[in-house]
Amino acid sequence: MAIRKIVGIETEYGIVVRGTDESNPIAASSTLINAYLASIAPNRSGRAERVDWDFEDESPGTDARGILESHGALAPEVETHLVNAVLTNGARYYVDHAHPELSTPECGDALSVVRFDRAAELILRRSMDAARTSLPPGQEIVVYKNNSDRKGNSYGCHENYLVDRLVPFGRIVTHITPHFITRQVFTGSGKVGSEAPGVTTDEVPFQLTQRADFFEEEVGLETTLKRPIVNTRDEPHADPQKYRRLHVIVGDANMAQLATFLKVGTTAIVLSMIEDDWIDRETRFANPVQALRQVSYDLTLRRALPLADGTTTTTALEVQWYLLERAQRYAETHGLESVGEACGKQILLRWEEVLVDLEADPTRLADRLDWPAKLQLVLRYRERDGLSWDHPQLAALDLQYHDMRAARSLSERLGLERLVDDADATRGIDEPPDDTRAYFRGTCLRLWPESIVAANWDSMVFDVGEDPLRRVPMMEPSRGTRAHVGSLLERCQSPAELFEQLGASDR
Amino acid sequence: MPEREQVRKPAPSRDEVEVAEAPSRSETGEKIKAELDDLLDEIDEVLETNAEEFVKSYIQKGGE
């Protein structure tokens with residue numbers, strides 16, 4: 001049976017300093033994050049009591065295909081010198097390249113991802129507020145939850161799924177590729193125009209996704225150049241004998257909660273079906289990279305996409321209907337325990353509802369999904385003011401849709417459906433999820449910040465006094481939950497006591 | 001023709017479920033349009049004042 005699909009997403013935000021011509025995005029990102037950290041835990045000297053990320057186990061250059069890239073491709077680098085903090089909700093908040101990035105804690109299901117993604121947005125919002133006081137008058141840091149600057153520079157929103165190591169990677173590639181190409185019909189955040197070389201506004205006035213323009217390969221290790229539809233980074237941050245972490249770089253950052261829910265939820269179900277070898281049809285596109293763009297560029301959702309046999313075609317919606325029907329059968333025969341039974345049922349219902357509406361009239365989804373919401377906004381403006389598609393006003397609307405300031409965010413103004421209310425998401429700013437190892441990480445951090453030297457996804461390092469530093473391995477993402485360690489952590493008055501107890505029970 | 005297999009119609013079951021699950025959704029499109037006209041006026045108030053300058057100066061470095 002498919003293993004539990006523990007999931008997290010990592011979002012890089014666009015960043016701008018207003019009120020000055022001279023700004024450095026790395027410095028601005030550091031200012032933003034440091035201002036937030038200082039605001040949540042200022043000590044007497046005014047500096048944040050901060051627990052740093054531990055890079056001991058990072059190896060992003062390892063390839064899932066078991067080979068190292070050798071044709072001029074570069075393995076991703078780990079930057080260890082920039083601000084990099086662990087939060088009490090189990091998340092990681094850091095500067096990556098020239099962007100502020102927030103990785104959610106490991107979540108037990110898709111709804112939990114939505115909750116912690118919204119918590120991340122609220123953290124960014126608080127960070128902007130906190131940074132205002134540390135900047136010269138008239139300056140302001142503003143962040144955007146999008147994926148491109150409209151000038152050919154892209155930054156990502158990556159998804160991570162726990163996958164059974166026993167499943168051959170080739171099978172994952174075969175069956176996840178058609179899902180990644182066709183799920184764009186509901187995961188896209190929408191974009192005015194195209195950034196692909198040589199593509200004009202006349203050809204593509206508006207497209208479904210932010211990201212499709214930037215993908216050039218089918219499979220590969222890269223994330224910044226020659227981006228692949230299936231990323232092969234093999235760095236499980238868990239027991240490598242048992243697990244993979246499928247690192248997905250092809251998705252958009254979403255403002256619509258339903259888009260995030262379905263992006264993560266449908267992908268988790270498709271991966272479960274792949275693990276149980278339940279997908280009984282291979283959809284091989286003649287040219288997957290081209291198909292990715294063709295789907296993104298086709299607002300009718302009816303474009304015939306050539307298949308590899310050279311004679312037949314399919315459409316994005318047909319592939320999605322096939323996967324949904326297969327998933328409905330899967331739910332009957334296997335159950336949905338791997339994605340959370342209740343959440344899984346909800347995923348299937350919303351998946352079907354969205355496909356029905358996309359097929360009938362995507363405009364119906366303007367209150368629930370990003371690209372229909374953004375498209376409708378842009379179309380109404382265009383109509384009212386008689387603007388051509390390449391008018392800067394439309395590009396400005398596109399960018400401002402993703403503005404993270406409450407008063408300025410156009411997506412917020414549109415009042416899209418919420419799956420998680422803000423009171424619930426606000427608790428997720430400080431409190432970790434109950435049902436993954438993030439509970440242990442976040443709770444220890446809240447109880448004993450002064451004793452934790454460093455933390456990362458699969459371990460924590462404690463300073464318990466006279467003894468040498470103690471590293472606690474956390475190689476099982478589904479352990480360290482509230483059910484496992486909640487009462488233990490409540491009982492212990494200190495980390496030293498925790499180690500006594502752990503030593504008595506576990507070793 | 002093998003085409004029949006790939007281009008087959010989705011199972012009929014979804015129509016039933018559409019009726020059962022989403023009866024109120026069908027009117028939402030029109031409703032949104034009407035509301036959006038009011039909303040545009042409101043949005044005008046918060047829009048970046050110089051769209052051209054805003055779009056031009058929004059420059060990011062690549063990430064990931």
# chains A, B, ... in the order shown; residues from 1 in each chain; ligands from 1

$ closest_atom_pairs --of "chain A" --to "chain B" --cutoff "6 Å" --atoms "only C-alpha atoms" --output "Markdown table"
| residue | atom | partner | partner_atom | distance |
| --- | --- | --- | --- | --- |
| A:His97 | CA | B:Gly63 | CA | 5.7 |
| A:Asp149 | CA | B:Ile59 | CA | 5.6 |
| A:Asn153 | CA | B:Gly62 | CA | 4.8 |
| A:Ser154 | CA | B:Gly62 | CA | 5.1 |
| A:Tyr155 | CA | B:Gly63 | CA | 4.4 |
| A:Gly156 | CA | B:Glu64 | CA | 5.8 |
| A:Thr223 | CA | B:Glu64 | CA | 5.9 |
| A:Thr224 | CA | B:Glu64 | CA | 5.9 |
| A:Thr312 | CA | B:Glu3 | CA | 5.3 |
| A:Thr314 | CA | B:Val7 | CA | 5.9 |
| A:Thr363 | CA | B:Gly29 | CA | 5.6 |
| A:Arg364 | CA | B:Gly29 | CA | 4.2 |
| A:Pro392 | CA | B:Glu52 | CA | 5.2 |
| A:Gln393 | CA | B:Ala51 | CA | 5.3 |
| A:Ala396 | CA | B:Ala51 | CA | 5.5 |
| A:Arg408 | CA | B:Val46 | CA | 5.8 |

$ write_last_selection --atoms "all heavy atoms" --output "CSV table (one decimal), in the first residue's frame"
chain,number,residue,atom,x,y,z
A,97,HIS,N,19.2,32.6,-2.5
A,97,HIS,CA,19.6,33.4,-3.7
A,97,HIS,C,19.2,34.9,-3.3
A,97,HIS,O,19.7,35.4,-2.3
A,97,HIS,CB,19.0,32.9,-5.0
A,97,HIS,CG,19.4,31.5,-5.3
A,97,HIS,ND1,20.6,31.3,-6.0
A,97,HIS,CD2,18.9,30.4,-5.1
A,97,HIS,CE1,20.7,30.0,-6.1
A,97,HIS,NE2,19.7,29.4,-5.6
A,149,ASP,N,9.3,38.0,-12.9
A,149,ASP,CA,9.3,39.5,-12.9
A,149,ASP,C,8.8,40.0,-14.2
A,149,ASP,O,9.0,41.2,-14.5
A,149,ASP,CB,10.7,40.1,-12.5
A,149,ASP,CG,11.8,39.8,-13.6
A,149,ASP,OD1,11.5,39.1,-14.6
A,149,ASP,OD2,12.9,40.2,-13.4
A,153,ASN,N,13.0,36.4,-15.6
A,153,ASN,CA,13.5,35.9,-14.4
A,153,ASN,C,12.5,35.2,-13.5
A,153,ASN,O,11.5,35.8,-13.2
A,153,ASN,CB,14.2,37.0,-13.5
A,153,ASN,CG,15.3,37.7,-14.3
A,153,ASN,OD1,16.2,37.1,-14.8
A,153,ASN,ND2,15.2,39.0,-14.4
A,154,SER,N,12.7,33.9,-13.2
A,154,SER,CA,11.7,33.2,-12.5
A,154,SER,C,12.2,32.6,-11.2
A,154,SER,O,13.4,32.4,-11.0
A,154,SER,CB,11.2,32.0,-13.4
A,154,SER,OG,10.1,31.3,-12.7
A,155,TYR,N,11.3,32.5,-10.2
A,155,TYR,CA,11.7,32.0,-8.9
A,155,TYR,C,10.5,31.1,-8.5
A,155,TYR,O,9.4,31.2,-9.1
A,155,TYR,CB,11.9,33.1,-7.9
A,155,TYR,CG,11.0,34.3,-8.1
A,155,TYR,CD1,9.9,34.5,-7.4
A,155,TYR,CD2,11.4,35.2,-9.1
A,155,TYR,CE1,9.1,35.7,-7.6
A,155,TYR,CE2,10.6,36.3,-9.4
A,155,TYR,CZ,9.5,36.5,-8.7
A,155,TYR,OH,8.7,37.6,-8.9
A,156,GLY,N,10.7,30.1,-7.6
A,156,GLY,CA,9.8,29.0,-7.6
A,156,GLY,C,8.9,28.8,-6.4
A,156,GLY,O,9.1,29.5,-5.3
A,223,THR,N,17.4,23.4,-11.2
A,223,THR,CA,16.3,24.2,-10.8
A,223,THR,C,16.3,25.6,-11.3
A,223,THR,O,15.3,26.3,-11.3
A,223,THR,CB,16.1,24.3,-9.3
A,223,THR,OG1,17.3,24.8,-8.7
A,223,THR,CG2,15.8,22.9,-8.7
A,224,THR,N,17.5,26.1,-11.7
A,224,THR,CA,17.6,27.5,-12.1
A,224,THR,C,17.9,27.7,-13.6
A,224,THR,O,17.7,28.8,-14.2
A,224,THR,CB,18.8,28.2,-11.4
A,224,THR,OG1,20.0,27.4,-11.6
A,224,THR,CG2,18.5,28.2,-9.9
A,312,THR,N,-2.3,9.8,-32.5
A,312,THR,CA,-3.4,10.2,-31.7
A,312,THR,C,-3.1,11.5,-30.9
A,312,THR,O,-1.9,11.9,-30.8
A,312,THR,CB,-3.8,9.1,-30.7
A,312,THR,OG1,-2.7,8.8,-30.0
A,312,THR,CG2,-4.4,7.9,-31.4
A,314,THR,N,-4.6,14.1,-27.4
A,314,THR,CA,-5.5,14.1,-26.2
A,314,THR,C,-5.6,15.6,-25.8
A,314,THR,O,-4.9,16.4,-26.4
A,314,THR,CB,-5.0,13.2,-25.1
A,314,THR,OG1,-6.0,13.2,-24.1
A,314,THR,CG2,-3.7,13.8,-24.5
A,363,THR,N,-15.0,30.7,-16.5
A,363,THR,CA,-15.4,31.9,-15.8
A,363,THR,C,-16.1,31.6,-14.4
A,363,THR,O,-15.9,32.4,-13.5
A,363,THR,CB,-16.4,32.7,-16.6
A,363,THR,OG1,-15.9,32.8,-18.0
A,363,THR,CG2,-16.6,34.2,-16.1
A,364,ARG,N,-16.8,30.5,-14.4
A,364,ARG,CA,-17.4,30.1,-13.1
A,364,ARG,C,-16.4,30.0,-12.0
A,364,ARG,O,-16.8,30.1,-10.8
A,364,ARG,CB,-18.0,28.7,-13.3
A,364,ARG,CG,-19.3,28.7,-14.1
A,364,ARG,CD,-19.8,27.3,-14.0
A,364,ARG,NE,-20.8,27.0,-15.0
A,364,ARG,CZ,-21.4,25.8,-15.1
A,364,ARG,NH1,-20.9,24.8,-14.4
A,364,ARG,NH2,-22.3,25.6,-16.0
A,392,PRO,N,0.8,48.7,-20.2
A,392,PRO,CA,1.4,48.4,-18.9
A,392,PRO,C,0.4,48.2,-17.7
A,392,PRO,O,0.7,47.6,-16.7
A,392,PRO,CB,2.3,49.6,-18.6
A,392,PRO,CG,2.3,50.4,-19.9
A,392,PRO,CD,1.3,49.9,-20.9
A,393,GLN,N,-0.8,48.8,-17.9
A,393,GLN,CA,-1.8,48.7,-16.8
A,393,GLN,C,-2.2,47.3,-16.6
A,393,GLN,O,-2.4,46.8,-15.5
A,393,GLN,CB,-3.0,49.5,-17.2
A,393,GLN,CG,-4.1,49.6,-16.1
A,393,GLN,CD,-3.6,50.4,-15.0
A,393,GLN,OE1,-3.2,51.6,-15.1
A,393,GLN,NE2,-3.6,49.9,-13.8
A,396,ALA,N,0.6,45.6,-14.8
A,396,ALA,CA,0.6,46.0,-13.4
A,396,ALA,C,-0.4,45.3,-12.6
A,396,ALA,O,-0.2,44.9,-11.4
A,396,ALA,CB,0.4,47.5,-13.4
A,408,ARG,N,-3.2,46.3,-0.5
A,408,ARG,CA,-2.9,46.4,-1.9
A,408,ARG,C,-3.1,45.1,-2.7
A,408,ARG,O,-3.1,45.2,-3.9
A,408,ARG,CB,-1.4,46.8,-2.0
A,408,ARG,CG,-1.1,48.1,-1.4
A,408,ARG,CD,-1.4,49.2,-2.4
A,408,ARG,NE,-1.0,50.5,-1.9
A,408,ARG,CZ,-1.1,51.7,-2.6
A,408,ARG,NH1,-1.5,51.6,-3.9
A,408,ARG,NH2,-0.7,52.8,-2.1

$ residues_around --residues "segment 447-463 of chain A" --least-positions-apart "6" --cutoff "9 Å" --atoms "only C-alpha atoms" --output "count of residues only"
35

$ atom_distance --atom1 "atom CA of Glu431 of chain A" --atom2 "atom CA of Arg118 of chain A"
13.3 Å

$ atom_distance --atom1 "atom CA of Ala256 of chain A" --atom2 "atom CA of Gln294 of chain A"
22.9 Å

$ residues_around --residues "segment 9-26 of chain A" --least-positions-apart "6" --cutoff "6 Å" --atoms "only C-alpha atoms" --output "number ranges by chain"
A: 98-104, 138-145, 156-159

$ atom_distance --atom1 "atom CA of Arg165 of chain A" --atom2 "atom CA of Thr187 of chain A"
27.0 Å

$ closest_residue --among "A:Val173, A:Glu195, A:Ala406, A:Glu121" --to "Lys151 of chain A" --atoms "only C-alpha atoms"
A:Glu195

$ select_by_dssp --residues "segment 166-224 of chain A" --states "strand (DSSP E or B)" --output "PyMOL selection string"
chain A and resi 191-192+206-207+215-220

$ residues_around --residues "segment 257-263 of chain A" --least-positions-apart "3" --cutoff "10 Å" --atoms "only C-alpha atoms" --output "JSON, numbers by chain"
{"A": [9, 109, 110, 111, 112, 113, 114, 115, 117, 118, 159, 180, 183, 184, 185, 186, 187, 188, 189, 251, 252, 253, 254, 266, 267, 268, 343, 346, 347, 348, 350, 351, 354, 367, 368, 369, 370, 371, 416, 417, 418, 419, 420]}

$ decode --residues "segment 14-137 of chain A" --atoms "C-alpha atoms" --output "PDB file, in the first residue's frame"
ATOM      1  CA  GLY A  14       9.555  38.417  -5.114  1.00  0.00           C
ATOM      2  CA  ILE A  15      10.956  41.404  -3.194  1.00  0.00           C
ATOM      3  CA  VAL A  16      11.087  45.114  -3.916  1.00  0.00           C
ATOM      4  CA  VAL A  17      12.339  48.048  -1.844  1.00  0.00           C
ATOM      5  CA  ARG A  18      10.220  51.094  -2.574  1.00  0.00           C
ATOM      6  CA  GLY A  19      11.373  54.627  -2.004  1.00  0.00           C
ATOM      7  CA  THR A  20      14.972  54.131  -3.114  1.00  0.00           C
ATOM      8  CA  ASP A  21      16.804  53.535  -6.368  1.00  0.00           C
ATOM      9  CA  GLU A  22      19.590  51.633  -4.696  1.00  0.00           C
ATOM     10  CA  SER A  23      18.561  48.344  -3.222  1.00  0.00           C
ATOM     11  CA  ASN A  24      20.154  44.956  -2.893  1.00  0.00           C
ATOM     12  CA  PRO A  25      17.654  42.088  -2.849  1.00  0.00           C
ATOM     13  CA  ILE A  26      19.849  39.905  -0.631  1.00  0.00           C
ATOM     14  CA  ALA A  27      20.229  42.693   1.935  1.00  0.00           C
ATOM     15  CA  ALA A  28      16.519  43.471   1.688  1.00  0.00           C
ATOM     16  CA  SER A  29      15.594  39.810   2.211  1.00  0.00           C
ATOM     17  CA  SER A  30      17.875  39.651   5.260  1.00  0.00           C
ATOM     18  CA  THR A  31      16.395  42.855   6.674  1.00  0.00           C
ATOM     19  CA  LEU A  32      12.891  41.475   6.168  1.00  0.00           C
ATOM     20  CA  ILE A  33      13.534  38.159   7.908  1.00  0.00           C
ATOM     21  CA  ASN A  34      15.695  39.579  10.697  1.00  0.00           C
ATOM     22  CA  ALA A  35      13.042  42.189  11.435  1.00  0.00           C
ATOM     23  CA  TYR A  36      10.454  39.423  11.812  1.00  0.00           C
ATOM     24  CA  LEU A  37      12.703  37.299  14.040  1.00  0.00           C
ATOM     25  CA  ALA A  38      13.477  40.289  16.257  1.00  0.00           C
ATOM     26  CA  SER A  39       9.776  41.064  16.537  1.00  0.00           C
ATOM     27  CA  ILE A  40       8.839  37.583  17.776  1.00  0.00           C
ATOM     28  CA  ALA A  41      11.641  37.007  20.270  1.00  0.00           C
ATOM     29  CA  PRO A  42      13.641  40.094  21.159  1.00  0.00           C
ATOM     30  CA  ASN A  43      16.136  39.507  23.968  1.00  0.00           C
ATOM     31  CA  ARG A  44      17.582  42.205  26.148  1.00  0.00           C
ATOM     32  CA  SER A  45      20.099  43.367  23.570  1.00  0.00           C
ATOM     33  CA  GLY A  46      17.300  43.640  21.035  1.00  0.00           C
ATOM     34  CA  ARG A  47      18.692  40.796  18.937  1.00  0.00           C
ATOM     35  CA  ALA A  48      16.567  37.844  18.010  1.00  0.00           C
ATOM     36  CA  GLU A  49      16.972  34.645  20.013  1.00  0.00           C
ATOM     37  CA  ARG A  50      17.389  32.699  16.863  1.00  0.00           C
ATOM     38  CA  VAL A  51      17.939  29.039  16.124  1.00  0.00           C
ATOM     39  CA  ASP A  52      19.950  28.532  12.975  1.00  0.00           C
ATOM     40  CA  TRP A  53      19.528  25.961  10.301  1.00  0.00           C
ATOM     41  CA  ASP A  54      21.934  23.027  10.408  1.00  0.00           C
ATOM     42  CA  PHE A  55      23.477  22.178   7.014  1.00  0.00           C
ATOM     43  CA  GLU A  56      25.041  18.873   8.154  1.00  0.00           C
ATOM     44  CA  ASP A  57      22.897  16.685   5.915  1.00  0.00           C
ATOM     45  CA  GLU A  58      22.267  18.860   2.861  1.00  0.00           C
ATOM     46  CA  SER A  59      23.235  17.327  -0.497  1.00  0.00           C
ATOM     47  CA  PRO A  60      21.015  18.808  -3.206  1.00  0.00           C
ATOM     48  CA  GLY A  61      23.344  17.518  -5.937  1.00  0.00           C
ATOM     49  CA  THR A  62      22.303  13.875  -5.477  1.00  0.00           C
ATOM     50  CA  ASP A  63      20.315  12.624  -8.466  1.00  0.00           C
ATOM     51  CA  ALA A  64      17.345  10.239  -8.212  1.00  0.00           C
ATOM     52  CA  ARG A  65      18.435   8.461 -11.365  1.00  0.00           C
ATOM     53  CA  GLY A  66      21.555   7.328  -9.538  1.00  0.00           C
ATOM     54  CA  ILE A  67      23.912   9.245 -11.786  1.00  0.00           C
ATOM     55  CA  LEU A  68      25.619  12.576 -11.368  1.00  0.00           C
ATOM     56  CA  GLU A  69      24.956  15.207 -13.984  1.00  0.00           C
ATOM     57  CA  SER A  70      28.026  15.524 -16.174  1.00  0.00           C
ATOM     58  CA  HIS A  71      27.087  17.496 -19.269  1.00  0.00           C
ATOM     59  CA  GLY A  72      27.770  20.956 -17.979  1.00  0.00           C
ATOM     60  CA  ALA A  73      24.839  20.909 -15.556  1.00  0.00           C
ATOM     61  CA  LEU A  74      25.432  22.384 -12.155  1.00  0.00           C
ATOM     62  CA  ALA A  75      24.353  20.833  -8.914  1.00  0.00           C
ATOM     63  CA  PRO A  76      22.447  23.287  -6.732  1.00  0.00           C
ATOM     64  CA  GLU A  77      24.547  24.994  -4.128  1.00  0.00           C
ATOM     65  CA  VAL A  78      23.808  25.281  -0.473  1.00  0.00           C
ATOM     66  CA  GLU A  79      24.307  28.807   0.813  1.00  0.00           C
ATOM     67  CA  THR A  80      25.303  28.664   4.440  1.00  0.00           C
ATOM     68  CA  HIS A  81      26.210  32.257   5.180  1.00  0.00           C
ATOM     69  CA  LEU A  82      22.794  33.905   4.823  1.00  0.00           C
ATOM     70  CA  VAL A  83      20.044  34.316   7.414  1.00  0.00           C
ATOM     71  CA  ASN A  84      18.381  31.000   7.958  1.00  0.00           C
ATOM     72  CA  ALA A  85      16.036  30.368  10.846  1.00  0.00           C
ATOM     73  CA  VAL A  86      13.762  27.666  12.195  1.00  0.00           C
ATOM     74  CA  LEU A  87      10.362  28.750  13.496  1.00  0.00           C
ATOM     75  CA  THR A  88       8.255  27.306  16.310  1.00  0.00           C
ATOM     76  CA  ASN A  89       5.684  26.076  13.782  1.00  0.00           C
ATOM     77  CA  GLY A  90       8.409  23.832  12.365  1.00  0.00           C
ATOM     78  CA  ALA A  91       8.970  25.946   9.256  1.00  0.00           C
ATOM     79  CA  ARG A  92      12.233  27.263   7.824  1.00  0.00           C
ATOM     80  CA  TYR A  93      12.494  30.956   6.956  1.00  0.00           C
ATOM     81  CA  TYR A  94      15.584  32.052   5.065  1.00  0.00           C
ATOM     82  CA  VAL A  95      17.285  33.964   2.287  1.00  0.00           C
ATOM     83  CA  ASP A  96      17.665  31.852  -0.824  1.00  0.00           C
ATOM     84  CA  HIS A  97      19.627  33.416  -3.652  1.00  0.00           C
ATOM     85  CA  ALA A  98      18.065  36.876  -3.806  1.00  0.00           C
ATOM     86  CA  HIS A  99      14.653  36.062  -2.327  1.00  0.00           C
ATOM     87  CA  PRO A 100      13.028  35.537   1.032  1.00  0.00           C
ATOM     88  CA  GLU A 101      11.867  31.925   1.128  1.00  0.00           C
ATOM     89  CA  LEU A 102       9.615  30.117   3.535  1.00  0.00           C
ATOM     90  CA  SER A 103       9.308  26.343   3.670  1.00  0.00           C
ATOM     91  CA  THR A 104       6.215  25.106   5.456  1.00  0.00           C
ATOM     92  CA  PRO A 105       6.616  22.433   8.099  1.00  0.00           C
ATOM     93  CA  GLU A 106       5.981  18.861   6.989  1.00  0.00           C
ATOM     94  CA  CYS A 107       2.207  18.516   6.732  1.00  0.00           C
ATOM     95  CA  GLY A 108       0.015  15.421   7.081  1.00  0.00           C
ATOM     96  CA  ASP A 109      -2.423  16.299   4.307  1.00  0.00           C
ATOM     97  CA  ALA A 110      -3.313  18.867   1.628  1.00  0.00           C
ATOM     98  CA  LEU A 111      -5.599  20.916   3.879  1.00  0.00           C
ATOM     99  CA  SER A 112      -2.800  21.255   6.402  1.00  0.00           C
ATOM    100  CA  VAL A 113      -0.560  22.517   3.572  1.00  0.00           C
ATOM    101  CA  VAL A 114      -3.156  25.192   2.762  1.00  0.00           C
ATOM    102  CA  ARG A 115      -3.231  26.205   6.415  1.00  0.00           C
ATOM    103  CA  PHE A 116       0.545  26.507   6.718  1.00  0.00           C
ATOM    104  CA  ASP A 117       0.853  28.211   3.352  1.00  0.00           C
ATOM    105  CA  ARG A 118      -1.590  30.840   4.583  1.00  0.00           C
ATOM    106  CA  ALA A 119       0.373  31.054   7.862  1.00  0.00           C
ATOM    107  CA  ALA A 120       3.458  31.692   5.701  1.00  0.00           C
ATOM    108  CA  GLU A 121       1.665  34.547   3.923  1.00  0.00           C
ATOM    109  CA  LEU A 122       0.756  36.056   7.280  1.00  0.00           C
ATOM    110  CA  ILE A 123       4.377  35.700   8.438  1.00  0.00           C
ATOM    111  CA  LEU A 124       5.533  37.569   5.331  1.00  0.00           C
ATOM    112  CA  ARG A 125       2.946  40.242   6.025  1.00  0.00           C
ATOM    113  CA  ARG A 126       4.140  40.642   9.624  1.00  0.00           C
ATOM    114  CA  SER A 127       7.701  40.726   8.337  1.00  0.00           C
ATOM    115  CA  MET A 128       6.908  43.647   6.032  1.00  0.00           C
ATOM    116  CA  ASP A 129       5.343  45.500   8.969  1.00  0.00           C
ATOM    117  CA  ALA A 130       8.314  44.760  11.221  1.00  0.00           C
ATOM    118  CA  ALA A 131      10.820  45.837   8.554  1.00  0.00           C
ATOM    119  CA  ARG A 132       9.147  49.230   8.158  1.00  0.00           C
ATOM    120  CA  THR A 133      10.652  50.385  11.459  1.00  0.00           C
ATOM    121  CA  SER A 134      14.194  49.391  10.514  1.00  0.00           C
ATOM    122  CA  LEU A 135      14.232  51.228   7.184  1.00  0.00           C
ATOM    123  CA  PRO A 136      14.827  54.936   6.551  1.00  0.00           C
ATOM    124  CA  PRO A 137      11.633  57.011   6.379  1.00  0.00           C
TER     125      PRO A 137
END
